[in-house]
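Shown next: structure_11.cif, containing mmCIF, C-alpha atoms.
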data_structure
loop_
_atom_site.group_PDB
_atom_site.id
_atom_site.type_symbol
_atom_site.label_atom_id
_atom_site.label_comp_id
_atom_site.auth_asym_id
_atom_site.auth_seq_id
_atom_site.Cartn_x
_atom_site.Cartn_y
_atom_site.Cartn_z
ATOM 1 C CA MET Z 2 0.006 16.397 -8.107
ATOM 2 C CA ILE Z 3 0.198 12.967 -6.476
ATOM 3 C CA ALA Z 4 3.214 10.710 -6.954
ATOM 4 C CA ILE Z 5 2.973 6.935 -6.696
ATOM 5 C CA THR Z 6 6.169 5.049 -5.816
ATOM 6 C CA LEU Z 7 6.093 1.267 -5.890
ATOM 7 C CA LEU Z 8 8.328 0.617 -2.901
ATOM 8 C CA GLY Z 9 7.780 -3.137 -2.935
ATOM 9 C CA THR Z 10 6.332 -5.100 -5.843
ATOM 10 C CA GLY Z 11 6.872 -8.574 -4.440
ATOM 11 C CA SER Z 12 4.650 -11.191 -2.847
ATOM 12 C CA PRO Z 13 4.757 -13.537 0.172
ATOM 13 C CA ILE Z 14 7.532 -15.483 -1.595
ATOM 14 C CA PRO Z 15 10.874 -13.788 -0.755
ATOM 15 C CA SER Z 16 12.661 -12.342 -3.770
ATOM 16 C CA PRO Z 17 16.192 -10.958 -4.122
ATOM 17 C CA ASP Z 18 14.861 -8.231 -6.418
ATOM 18 C CA ARG Z 19 11.493 -7.216 -4.986
ATOM 19 C CA ALA Z 20 10.583 -6.025 -1.513
ATOM 20 C CA GLY Z 21 7.246 -6.908 0.035
ATOM 21 C CA PRO Z 22 3.992 -5.162 -0.899
ATOM 22 C CA SER Z 23 4.148 -1.453 -0.139
ATOM 23 C CA THR Z 24 3.313 1.748 -1.996
ATOM 24 C CA LEU Z 25 4.216 5.340 -1.178
ATOM 25 C CA ILE Z 26 1.610 7.972 -2.016
ATOM 26 C CA THR Z 27 3.110 11.485 -1.999
ATOM 27 C CA ALA Z 28 0.769 14.473 -2.259
ATOM 28 C CA GLY Z 29 2.412 17.735 -3.231
ATOM 29 C CA SER Z 30 6.131 18.401 -3.490
ATOM 30 C CA GLY Z 31 9.065 19.801 -1.583
ATOM 31 C CA THR Z 32 8.787 20.544 2.100
ATOM 32 C CA ASP Z 33 4.992 20.703 1.835
ATOM 33 C CA ALA Z 34 4.667 17.127 0.562
ATOM 34 C CA GLU Z 35 2.651 14.637 2.601
ATOM 35 C CA HIS Z 36 3.759 10.998 2.468
ATOM 36 C CA TYR Z 37 1.356 8.113 3.021
ATOM 37 C CA LEU Z 38 2.561 4.519 3.200
ATOM 38 C CA VAL Z 39 0.066 1.932 1.966
ATOM 39 C CA ASP Z 40 0.991 -1.441 3.492
ATOM 40 C CA ALA Z 41 4.363 -2.261 5.026
ATOM 41 C CA GLY Z 42 5.868 -5.356 3.461
ATOM 42 C CA ARG Z 43 9.388 -6.639 4.050
ATOM 43 C CA GLY Z 44 12.167 -4.173 3.302
ATOM 44 C CA VAL Z 45 9.871 -1.151 3.194
ATOM 45 C CA LEU Z 46 12.160 1.225 5.101
ATOM 46 C CA MET Z 47 15.119 0.356 2.880
ATOM 47 C CA ARG Z 48 13.042 1.212 -0.180
ATOM 48 C CA MET Z 49 11.805 4.432 1.461
ATOM 49 C CA ALA Z 50 15.412 5.395 2.217
ATOM 50 C CA ALA Z 51 16.217 4.971 -1.468
ATOM 51 C CA VAL Z 52 13.749 7.752 -2.317
ATOM 52 C CA GLY Z 53 14.767 9.981 0.573
ATOM 53 C CA VAL Z 54 11.773 9.390 2.830
ATOM 54 C CA GLY Z 55 12.163 8.235 6.420
ATOM 55 C CA ALA Z 56 9.715 6.885 8.954
ATOM 56 C CA PRO Z 57 9.498 10.324 10.664
ATOM 57 C CA ASN Z 58 8.278 11.813 7.359
ATOM 58 C CA LEU Z 59 5.133 9.677 7.164
ATOM 59 C CA ALA Z 60 1.777 11.342 7.679
ATOM 60 C CA ALA Z 61 0.228 7.902 8.188
ATOM 61 C CA VAL Z 62 0.514 4.212 7.422
ATOM 62 C CA LEU Z 63 -2.604 2.745 5.818
ATOM 63 C CA ILE Z 64 -3.043 -1.023 5.906
ATOM 64 C CA THR Z 65 -5.330 -2.670 3.352
ATOM 65 C CA HIS Z 66 -5.614 -5.991 5.199
ATOM 66 C CA LEU Z 67 -3.839 -8.043 7.814
ATOM 67 C CA HIS Z 68 -2.173 -10.696 5.672
ATOM 68 C CA SER Z 69 1.387 -11.124 6.951
ATOM 69 C CA ASP Z 70 3.139 -10.046 3.742
ATOM 70 C CA HIS Z 71 1.420 -6.642 3.909
ATOM 71 C CA ILE Z 72 2.398 -5.913 7.531
ATOM 72 C CA THR Z 73 5.724 -7.758 7.875
ATOM 73 C CA ASP Z 74 7.737 -4.593 8.603
ATOM 74 C CA LEU Z 75 5.109 -2.526 10.404
ATOM 75 C CA ASN Z 76 7.053 -3.178 13.608
ATOM 76 C CA ASP Z 77 10.168 -1.718 11.938
ATOM 77 C CA VAL Z 78 8.272 1.413 10.910
ATOM 78 C CA ILE Z 79 6.993 1.845 14.484
ATOM 79 C CA THR Z 80 10.403 1.362 16.121
ATOM 80 C CA THR Z 81 12.379 3.400 13.594
ATOM 81 C CA ARG Z 82 10.024 6.364 13.789
ATOM 82 C CA TRP Z 83 10.299 6.247 17.584
ATOM 83 C CA VAL Z 84 14.107 6.263 17.704
ATOM 84 C CA MET Z 85 14.504 8.792 14.863
ATOM 85 C CA THR Z 86 12.239 11.502 16.324
ATOM 86 C CA PHE Z 87 13.152 13.685 19.287
ATOM 87 C CA GLU Z 88 9.711 14.863 20.331
ATOM 88 C CA PRO Z 89 6.797 12.494 20.959
ATOM 89 C CA THR Z 90 5.370 12.163 17.442
ATOM 90 C CA PRO Z 91 2.599 9.562 17.290
ATOM 91 C CA LEU Z 92 2.554 7.333 14.243
ATOM 92 C CA THR Z 93 -0.954 7.059 12.842
ATOM 93 C CA VAL Z 94 -1.798 3.568 11.593
ATOM 94 C CA VAL Z 95 -5.057 3.217 9.657
ATOM 95 C CA GLY Z 96 -6.507 -0.179 8.879
ATOM 96 C CA PRO Z 97 -9.536 -2.450 8.964
ATOM 97 C CA VAL Z 98 -11.072 -3.730 12.168
ATOM 98 C CA GLY Z 99 -8.468 -5.884 13.871
ATOM 99 C CA THR Z 100 -5.592 -3.468 13.269
ATOM 100 C CA GLN Z 101 -5.611 -2.244 16.873
ATOM 101 C CA ALA Z 102 -5.143 -5.784 18.164
ATOM 102 C CA VAL Z 103 -2.259 -6.392 15.747
ATOM 103 C CA VAL Z 104 -0.502 -3.169 16.787
ATOM 104 C CA ASP Z 105 -1.028 -3.994 20.462
ATOM 105 C CA HIS Z 106 0.594 -7.392 19.940
ATOM 106 C CA LEU Z 107 3.462 -5.874 17.943
ATOM 107 C CA LEU Z 108 4.174 -3.424 20.754
ATOM 108 C CA ALA Z 109 4.016 -6.266 23.269
ATOM 109 C CA SER Z 110 6.523 -8.267 21.211
ATOM 110 C CA LEU Z 111 8.815 -5.220 21.159
ATOM 111 C CA GLY Z 112 8.603 -4.930 24.950
ATOM 112 C CA PRO Z 113 12.190 -6.021 25.692
ATOM 113 C CA ASP Z 114 13.621 -3.719 22.986
ATOM 114 C CA ILE Z 115 11.514 -0.791 24.216
ATOM 115 C CA ALA Z 116 12.754 -1.352 27.762
ATOM 116 C CA TYR Z 117 16.397 -1.587 26.658
ATOM 117 C CA ARG Z 118 16.223 1.662 24.713
ATOM 118 C CA MET Z 119 14.392 3.571 27.450
ATOM 119 C CA ALA Z 120 16.974 2.379 29.988
ATOM 120 C CA HIS Z 121 19.866 3.425 27.749
ATOM 121 C CA HIS Z 122 18.632 6.768 26.368
ATOM 122 C CA ASP Z 123 17.442 9.379 28.848
ATOM 123 C CA ASP Z 124 15.495 11.239 26.167
ATOM 124 C CA LEU Z 125 13.492 8.108 25.243
ATOM 125 C CA ASP Z 126 11.262 8.396 28.281
ATOM 126 C CA HIS Z 127 8.126 7.036 26.615
ATOM 127 C CA PRO Z 128 7.187 3.925 24.615
ATOM 128 C CA PRO Z 129 6.551 4.306 20.873
ATOM 129 C CA PRO Z 130 3.431 6.465 20.493
ATOM 130 C CA VAL Z 131 1.051 4.866 17.988
ATOM 131 C CA THR Z 132 -2.494 5.995 17.212
ATOM 132 C CA VAL Z 133 -4.647 3.396 15.467
ATOM 133 C CA VAL Z 134 -7.674 4.390 13.399
ATOM 134 C CA GLU Z 135 -9.852 1.439 12.387
ATOM 135 C CA VAL Z 136 -11.979 2.033 9.297
ATOM 136 C CA ALA Z 137 -14.568 0.231 7.212
ATOM 137 C CA ASP Z 138 -16.235 2.574 4.693
ATOM 138 C CA GLY Z 139 -16.269 6.327 4.125
ATOM 139 C CA PRO Z 140 -13.989 9.273 4.943
ATOM 140 C CA VAL Z 141 -10.763 8.566 6.803
ATOM 141 C CA GLU Z 142 -10.158 11.129 9.547
ATOM 142 C CA LEU Z 143 -6.534 11.397 10.624
ATOM 143 C CA PRO Z 144 -5.705 12.926 14.001
ATOM 144 C CA GLY Z 145 -4.273 16.401 13.469
ATOM 145 C CA HIS Z 146 -5.222 16.465 9.775
ATOM 146 C CA ALA Z 147 -8.803 17.702 9.947
ATOM 147 C CA ASP Z 148 -8.016 20.647 7.656
ATOM 148 C CA GLY Z 149 -5.409 18.868 5.563
ATOM 149 C CA ALA Z 150 -5.023 19.276 1.827
ATOM 150 C CA VAL Z 151 -5.328 15.527 1.269
ATOM 151 C CA ARG Z 152 -8.725 13.853 1.493
ATOM 152 C CA ILE Z 153 -8.764 10.113 2.083
ATOM 153 C CA ARG Z 154 -11.650 7.729 1.988
ATOM 154 C CA CYS Z 155 -11.942 3.981 2.057
ATOM 155 C CA ALA Z 156 -14.340 1.271 0.968
ATOM 156 C CA PRO Z 157 -14.559 -2.470 1.610
ATOM 157 C CA THR Z 158 -12.869 -4.794 -0.863
ATOM 158 C CA ASP Z 159 -13.247 -8.547 -1.342
ATOM 159 C CA HIS Z 160 -10.261 -10.651 -0.318
ATOM 160 C CA ARG Z 161 -12.277 -13.309 1.513
ATOM 161 C CA PRO Z 162 -11.569 -15.312 3.596
ATOM 162 C CA VAL Z 163 -9.318 -12.403 4.607
ATOM 163 C CA GLU Z 164 -11.993 -10.180 6.088
ATOM 164 C CA PRO Z 165 -12.320 -7.260 6.438
ATOM 165 C CA SER Z 166 -10.126 -5.664 3.773
ATOM 166 C CA VAL Z 167 -10.253 -2.117 2.446
ATOM 167 C CA GLY Z 168 -8.996 0.048 -0.394
ATOM 168 C CA TYR Z 169 -8.140 3.738 -0.153
ATOM 169 C CA ARG Z 170 -8.629 6.789 -2.346
ATOM 170 C CA PHE Z 171 -6.426 9.880 -2.043
ATOM 171 C CA ASP Z 172 -7.594 13.225 -3.463
ATOM 172 C CA HIS Z 173 -5.291 16.237 -3.619
ATOM 173 C CA ALA Z 174 -5.305 19.404 -5.726
ATOM 174 C CA GLY Z 175 -7.542 17.894 -8.397
ATOM 175 C CA ALA Z 176 -5.677 14.584 -8.633
ATOM 176 C CA SER Z 177 -6.954 11.269 -7.303
ATOM 177 C CA VAL Z 178 -5.278 7.901 -6.743
ATOM 178 C CA VAL Z 179 -6.820 4.625 -5.550
ATOM 179 C CA ALA Z 180 -4.755 1.935 -3.802
ATOM 180 C CA ALA Z 181 -6.616 -1.354 -3.997
ATOM 181 C CA GLY Z 182 -4.590 -3.911 -2.057
ATOM 182 C CA ASP Z 183 -5.456 -7.583 -2.649
ATOM 183 C CA THR Z 184 -9.002 -8.092 -3.918
ATOM 184 C CA VAL Z 185 -11.198 -9.511 -6.612
ATOM 185 C CA PRO Z 186 -13.464 -7.081 -8.514
ATOM 186 C CA CYS Z 187 -16.090 -5.686 -6.171
ATOM 187 C CA ASP Z 188 -18.548 -2.834 -5.678
ATOM 188 C CA GLY Z 189 -16.457 -1.116 -3.019
ATOM 189 C CA LEU Z 190 -13.443 -0.816 -5.285
ATOM 190 C CA ASP Z 191 -15.632 0.331 -8.173
ATOM 191 C CA GLU Z 192 -16.974 3.100 -5.944
ATOM 192 C CA LEU Z 193 -13.468 4.307 -5.082
ATOM 193 C CA CYS Z 194 -12.337 4.219 -8.713
ATOM 194 C CA ASP Z 195 -15.251 6.208 -10.081
ATOM 195 C CA GLY Z 196 -13.674 9.224 -11.785
ATOM 196 C CA ALA Z 197 -10.212 8.619 -10.293
ATOM 197 C CA ASP Z 198 -7.041 9.380 -12.240
ATOM 198 C CA ALA Z 199 -5.013 6.313 -11.281
ATOM 199 C CA LEU Z 200 -5.519 2.876 -9.748
ATOM 200 C CA VAL Z 201 -2.732 0.909 -8.044
ATOM 201 C CA HIS Z 202 -3.781 -2.732 -8.110
ATOM 202 C CA THR Z 203 -2.131 -5.978 -7.009
ATOM 203 C CA VAL Z 204 -2.291 -8.746 -9.622
ATOM 204 C CA ILE Z 205 -1.489 -12.408 -10.163
ATOM 205 C CA ARG Z 206 -1.148 -14.370 -13.409
ATOM 206 C CA LYS Z 207 -4.007 -16.812 -13.069
ATOM 207 C CA ASP Z 208 -3.214 -18.277 -16.494
ATOM 208 C CA ILE Z 209 0.153 -19.442 -15.129
ATOM 209 C CA ILE Z 210 -0.831 -20.378 -11.593
ATOM 210 C CA GLU Z 211 -3.786 -22.516 -12.645
ATOM 211 C CA ASN Z 212 -1.322 -24.887 -14.341
ATOM 212 C CA LEU Z 213 0.848 -25.377 -11.252
ATOM 213 C CA PRO Z 214 0.260 -28.747 -9.527
ATOM 214 C CA LEU Z 215 0.249 -27.210 -6.042
ATOM 215 C CA GLN Z 216 -3.040 -26.833 -4.196
ATOM 216 C CA ARG Z 217 -1.677 -24.028 -2.052
ATOM 217 C CA MET Z 218 -0.956 -21.986 -5.181
ATOM 218 C CA GLN Z 219 -4.303 -22.945 -6.702
ATOM 219 C CA ASP Z 220 -5.977 -21.551 -3.585
ATOM 220 C CA THR Z 221 -4.713 -18.052 -4.436
ATOM 221 C CA LEU Z 222 -6.800 -17.895 -7.601
ATOM 222 C CA ASP Z 223 -10.117 -17.143 -5.934
ATOM 223 C CA TYR Z 224 -9.171 -14.024 -3.978
ATOM 224 C CA HIS Z 225 -6.785 -12.074 -6.210
ATOM 225 C CA SER Z 226 -7.326 -10.216 -9.474
ATOM 226 C CA SER Z 227 -5.648 -11.007 -12.770
ATOM 227 C CA PRO Z 228 -4.257 -8.206 -14.978
ATOM 228 C CA ALA Z 229 -7.435 -8.480 -17.054
ATOM 229 C CA GLU Z 230 -9.693 -8.148 -13.998
ATOM 230 C CA ALA Z 231 -7.702 -5.176 -12.692
ATOM 231 C CA ALA Z 232 -7.970 -3.581 -16.134
ATOM 232 C CA GLN Z 233 -11.710 -4.117 -16.224
ATOM 233 C CA THR Z 234 -12.021 -2.417 -12.829
ATOM 234 C CA ALA Z 235 -9.987 0.541 -14.117
ATOM 235 C CA ALA Z 236 -12.091 0.753 -17.263
ATOM 236 C CA ARG Z 237 -15.371 0.749 -15.325
ATOM 237 C CA GLY Z 238 -14.117 3.653 -13.218
ATOM 238 C CA GLY Z 239 -12.892 5.704 -16.151
ATOM 239 C CA VAL Z 240 -9.388 5.657 -14.676
ATOM 240 C CA ALA Z 241 -6.628 7.079 -16.878
ATOM 241 C CA THR Z 242 -3.682 5.086 -15.512
ATOM 242 C CA LEU Z 243 -3.514 1.542 -14.147
ATOM 243 C CA VAL Z 244 -0.435 0.728 -12.059
ATOM 244 C CA LEU Z 245 0.125 -2.998 -11.535
ATOM 245 C CA THR Z 246 2.107 -4.356 -8.570
ATOM 246 C CA HIS Z 247 2.548 -7.426 -6.290
ATOM 247 C CA TYR Z 248 3.465 -9.680 -9.213
ATOM 248 C CA VAL Z 249 2.781 -13.394 -8.754
ATOM 249 C CA PRO Z 250 4.747 -15.160 -10.084
ATOM 250 C CA PRO Z 251 7.585 -12.615 -9.986
ATOM 251 C CA ILE Z 252 8.530 -10.846 -13.195
ATOM 252 C CA SER Z 253 12.122 -11.796 -14.007
ATOM 253 C CA PRO Z 254 14.860 -9.155 -13.740
ATOM 254 C CA GLY Z 255 15.244 -7.333 -17.048
ATOM 255 C CA ASP Z 256 11.755 -8.336 -18.191
ATOM 256 C CA ALA Z 257 9.703 -5.220 -18.957
ATOM 257 C CA GLY Z 258 6.479 -7.083 -18.240
ATOM 258 C CA ASP Z 259 5.084 -6.557 -21.718
ATOM 259 C CA ASP Z 260 2.995 -9.727 -21.513
ATOM 260 C CA TRP Z 261 1.387 -8.501 -18.285
ATOM 261 C CA ARG Z 262 0.777 -5.120 -19.887
ATOM 262 C CA GLY Z 263 -0.716 -6.761 -22.945
ATOM 263 C CA LEU Z 264 -3.192 -8.793 -20.908
ATOM 264 C CA ALA Z 265 -4.400 -5.601 -19.220
ATOM 265 C CA ALA Z 266 -4.470 -3.595 -22.454
ATOM 266 C CA GLU Z 267 -7.005 -6.000 -23.949
ATOM 267 C CA HIS Z 268 -9.555 -4.552 -21.513
ATOM 268 C CA PHE Z 269 -8.269 -1.023 -20.853
ATOM 269 C CA ASP Z 270 -7.472 1.834 -23.230
ATOM 270 C CA GLY Z 271 -5.491 3.940 -20.749
ATOM 271 C CA THR Z 272 -1.859 3.786 -19.676
ATOM 272 C CA VAL Z 273 -0.689 0.577 -17.993
ATOM 273 C CA GLU Z 274 2.334 1.003 -15.723
ATOM 274 C CA ILE Z 275 4.482 -1.958 -14.665
ATOM 275 C CA GLY Z 276 7.851 -1.660 -13.010
ATOM 276 C CA ASP Z 277 10.450 -2.794 -10.555
ATOM 277 C CA ASP Z 278 10.693 -1.544 -6.992
ATOM 278 C CA LEU Z 279 10.999 2.273 -6.889
ATOM 279 C CA HIS Z 280 9.042 2.717 -10.120
ATOM 280 C CA ARG Z 281 7.403 6.152 -9.872
ATOM 281 C CA VAL Z 282 4.306 7.496 -11.586
ATOM 282 C CA GLU Z 283 3.221 11.124 -11.294
ATOM 283 C CA VAL Z 284 -0.483 11.863 -11.484
ATOM 284 C CA ALA Z 285 -2.126 15.212 -12.192
ATOM 285 C CA GLY Z 286 -5.811 15.949 -12.542
ATOM 286 C CA SER Z 287 -5.694 14.836 -16.142
ATOM 287 C CA GLY Z 288 -3.870 11.550 -15.437
ATOM 288 C CA ALA Z 289 -0.262 10.366 -15.314
ATOM 289 C CA LEU Z 290 2.520 12.683 -16.466
#

Show me, as structure tokens, the structure contained in the file I just sent.
Amino acid sequence: MIAITLLGTGSPIPSPDRAGPSTLITAGSGTDAEHYLVDAGRGVLMRMAAVGVGAPNLAAVLITHLHSDHITDLNDVITTRWVMTFEPTPLTVVGPVGTQAVVDHLLASLGPDIAYRMAHHDDLDHPPPVTVVEVADGPVELPGHADGAVRIRCAPTDHRPVEPSVGYRFDHAGASVVAAGDTVPCDGLDELCDGADALVHTVIRKDIIENLPLQRMQDTLDYHSSPAEAAQTAARGGVATLVLTHYVPPISPGDAGDDWRGLAAEHFDGTVEIGDDLHRVEVAGSGAL
């Protein structure tokens, strides 16, 4: 079984109700569960705390692309894991080419804080250990997980001019989940979705945004998917469950998102999941439970 938890369903625009883009993929259950964080938007550790998962519990952080809203709190994940573990436990950060440079700059920006903590705590005798794995296409090999029960692979997506960007597929015990990140329909995402059980896909309402008299909002139309486009991707892959997230514009509190669901359902016969932060979907080999 794989559980999907929408930690943050928001967008670059701050919201009182939705944290920034982030999804928790949990393979297995109990003490044997492995937790993978896909993207690290604002407020991610608060949302993780709400479901009982801390930074030390993460097997890896996987970044889909280097847009600021998807990495806003990566520095918080790095620092919190460091100060909450008592043996050197490297945090593995997976991402497209360029991720190493971003992590290096984050650590440099944390330099004063790192120095303060090392001076104050005798047992913090090392900077935050972070291992970066840059990926483009194919299997994702995590240090120390060569024989792990979770298989991860990635493929390029299309979020140009944000380039490169990648999506990820997680396979565990006969269940498979794809996390798309921001993208328009593309061959790489189709490859990941082929035969998968669930697809987590960011979406924007192009029918609303195209009527806004703001060029900066109009610019977002050409590199995000609409609910219909996400549904068409899910249908091509034979996916059983489509999980929508990263709602632009935000879905109002108390709104079940039925109009979003309806737009997707016109192109997809499976289950369409929409929810607030902390919405959870459980996926078995036959689809969502």

Within 9 Å of His127 of chain Z, counting all atoms listed in the file, which residues show up once you throw out same-chain ones fewer than 3 positions away? Write them as a PyMOL selection string, please. chain Z and resi 89+115+119+124+130

Restricting the calculation to all atoms listed in the file, which member of Z:Ala56, Z:Ile153, Z:Asp159, Z:Arg43 is positioned closest to Ile14 of chain Z?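 Smallest distance to Ile14 of chain Z is found for Z:Arg43.
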
Two-atom distance - atom CA of Ala137 of chain Z, atom CA of Val104 of chain Z (Å):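 Taking atom CA of Ala137 of chain Z as the start and atom CA of Val104 of chain Z as the end point, the length is 17.4 Å.
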
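If you count all atoms listed in the file and draw a sphere of 6 Å around (-6.4, -10.9, -21.6), the protein and nucleic acid residues inside it come out as Ala229, Leu264 and Glu267 of chain Z.
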
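Minimum atom-to-atom distance to Ala199 of chain Z, evaluated using only C-alpha atoms, belongs to Z:Ile5 out of Z:Met85, Z:Val103, Z:Leu75, Z:Ile5.
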
Work out where the centre of an axis-aligned box around every listed atom of segment 133-142 of chain Z lies and how long its edges are once 5 Å is added on each side; give both in Å to one decimal as lines of an AutoDock Vina configuration file.
center_x = -10.5
center_y = 5.7
center_z = 9.8
size_x = 21.6
size_y = 20.9
size_z = 21.3

Neighbours of Val136 of chain Z within 8 Å (all atoms listed in the file; same-chain residues fewer than 3 positions away dropped), as a PDB file with C-alpha atoms, in the frame of the given file?
ATOM      1  CA  VAL Z  95      -5.057   3.217   9.657  1.00  0.00           C
ATOM      2  CA  GLY Z  96      -6.507  -0.179   8.879  1.00  0.00           C
ATOM      3  CA  PRO Z  97      -9.536  -2.450   8.964  1.00  0.00           C
ATOM      4  CA  VAL Z  98     -11.072  -3.730  12.168  1.00  0.00           C
ATOM      5  CA  GLY Z 139     -16.269   6.327   4.125  1.00  0.00           C
ATOM      6  CA  VAL Z 141     -10.763   8.566   6.803  1.00  0.00           C
ATOM      7  CA  CYS Z 155     -11.942   3.981   2.057  1.00  0.00           C
TER       8      CYS Z 155
END

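With atom CA of Trp83 of chain Z on one side and atom CA of Pro57 of chain Z on the other, the separation reads 8.1 Å.
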
Could you list the residues chosen by the PyMOL selection byres ((chain Z and resi 181) around 8) in this structure as a list in words? Thr65, Thr158, Val167, Gly168, Tyr169, Val179, Ala180, Gly182, Asp183, Thr184, Leu190, Leu200, Val201, His202 and Thr203 of chain Z

Show me the residues around (-1.9, 1.8, -17.4) - criterion: an atom at most 8 Å away, all atoms listed in the file counted - as number ranges by chain. Z: 241-245, 262, 266, 269, 271-275

Write out as a compact mmCIF listing (two decimals) with C-alpha atoms, in the coordinates of the input which residues come within 12 Å of Gly255 of chain Z when counting all atoms listed in the file, dropping same-chain ones fewer than 6 positions away.
# COMPACT_ATOMS: atom_id res chain seq x y z
CA ASP Z 18 14.86 -8.23 -6.42
CA GLY Z 276 7.85 -1.66 -13.01
CA ASP Z 277 10.45 -2.79 -10.56

Answer key for the PyMOL selection byres ((chain Z and resi 7) around 12), residues as a ChimeraX atom specification: /Z:4-6,8-11,19-27,38-42,45,48-49,51-52,180,201-203,244-248,274-283

Written selection (C-alpha atoms) as a tab-separated table (two decimals), keeping the file's coordinate frame:
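Final file, result23.tsv:
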chain	number	residue	atom	x	y	z
Z	4	ALA	CA	3.21	10.71	-6.95
Z	5	ILE	CA	2.97	6.94	-6.70
Z	6	THR	CA	6.17	5.05	-5.82
Z	8	LEU	CA	8.33	0.62	-2.90
Z	9	GLY	CA	7.78	-3.14	-2.94
Z	10	THR	CA	6.33	-5.10	-5.84
Z	11	GLY	CA	6.87	-8.57	-4.44
Z	19	ARG	CA	11.49	-7.22	-4.99
Z	20	ALA	CA	10.58	-6.02	-1.51
Z	21	GLY	CA	7.25	-6.91	0.04
Z	22	PRO	CA	3.99	-5.16	-0.90
Z	23	SER	CA	4.15	-1.45	-0.14
Z	24	THR	CA	3.31	1.75	-2.00
Z	25	LEU	CA	4.22	5.34	-1.18
Z	26	ILE	CA	1.61	7.97	-2.02
Z	27	THR	CA	3.11	11.48	-2.00
Z	38	LEU	CA	2.56	4.52	3.20
Z	39	VAL	CA	0.07	1.93	1.97
Z	40	ASP	CA	0.99	-1.44	3.49
Z	41	ALA	CA	4.36	-2.26	5.03
Z	42	GLY	CA	5.87	-5.36	3.46
Z	45	VAL	CA	9.87	-1.15	3.19
Z	48	ARG	CA	13.04	1.21	-0.18
Z	49	MET	CA	11.80	4.43	1.46
Z	51	ALA	CA	16.22	4.97	-1.47
Z	52	VAL	CA	13.75	7.75	-2.32
Z	180	ALA	CA	-4.76	1.94	-3.80
Z	201	VAL	CA	-2.73	0.91	-8.04
Z	202	HIS	CA	-3.78	-2.73	-8.11
Z	203	THR	CA	-2.13	-5.98	-7.01
Z	244	VAL	CA	-0.44	0.73	-12.06
Z	245	LEU	CA	0.12	-3.00	-11.54
Z	246	THR	CA	2.11	-4.36	-8.57
Z	247	HIS	CA	2.55	-7.43	-6.29
Z	248	TYR	CA	3.46	-9.68	-9.21
Z	274	GLU	CA	2.33	1.00	-15.72
Z	275	ILE	CA	4.48	-1.96	-14.66
Z	276	GLY	CA	7.85	-1.66	-13.01
Z	277	ASP	CA	10.45	-2.79	-10.56
Z	278	ASP	CA	10.69	-1.54	-6.99
Z	279	LEU	CA	11.00	2.27	-6.89
Z	280	HIS	CA	9.04	2.72	-10.12
Z	281	ARG	CA	7.40	6.15	-9.87
Z	282	VAL	CA	4.31	7.50	-11.59
Z	283	GLU	CA	3.22	11.12	-11.29

Have a look at Z:Pro144, Z:Gly53, Z:Gly99, Z:Gly238 and name the one nearest to Asp195 of chain Z; count only C-alpha atoms.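 For Asp195 of chain Z, the nearest of the candidates is Z:Gly238.
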
Go through Z:Thr86, Z:Asn212, Z:Ser110, Z:Ser253 and flag the residue nearest Ser16 of chain Z, using only C-alpha atoms for the distances.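 With only C-alpha atoms as the atom set, the closest residue is Z:Ser253.
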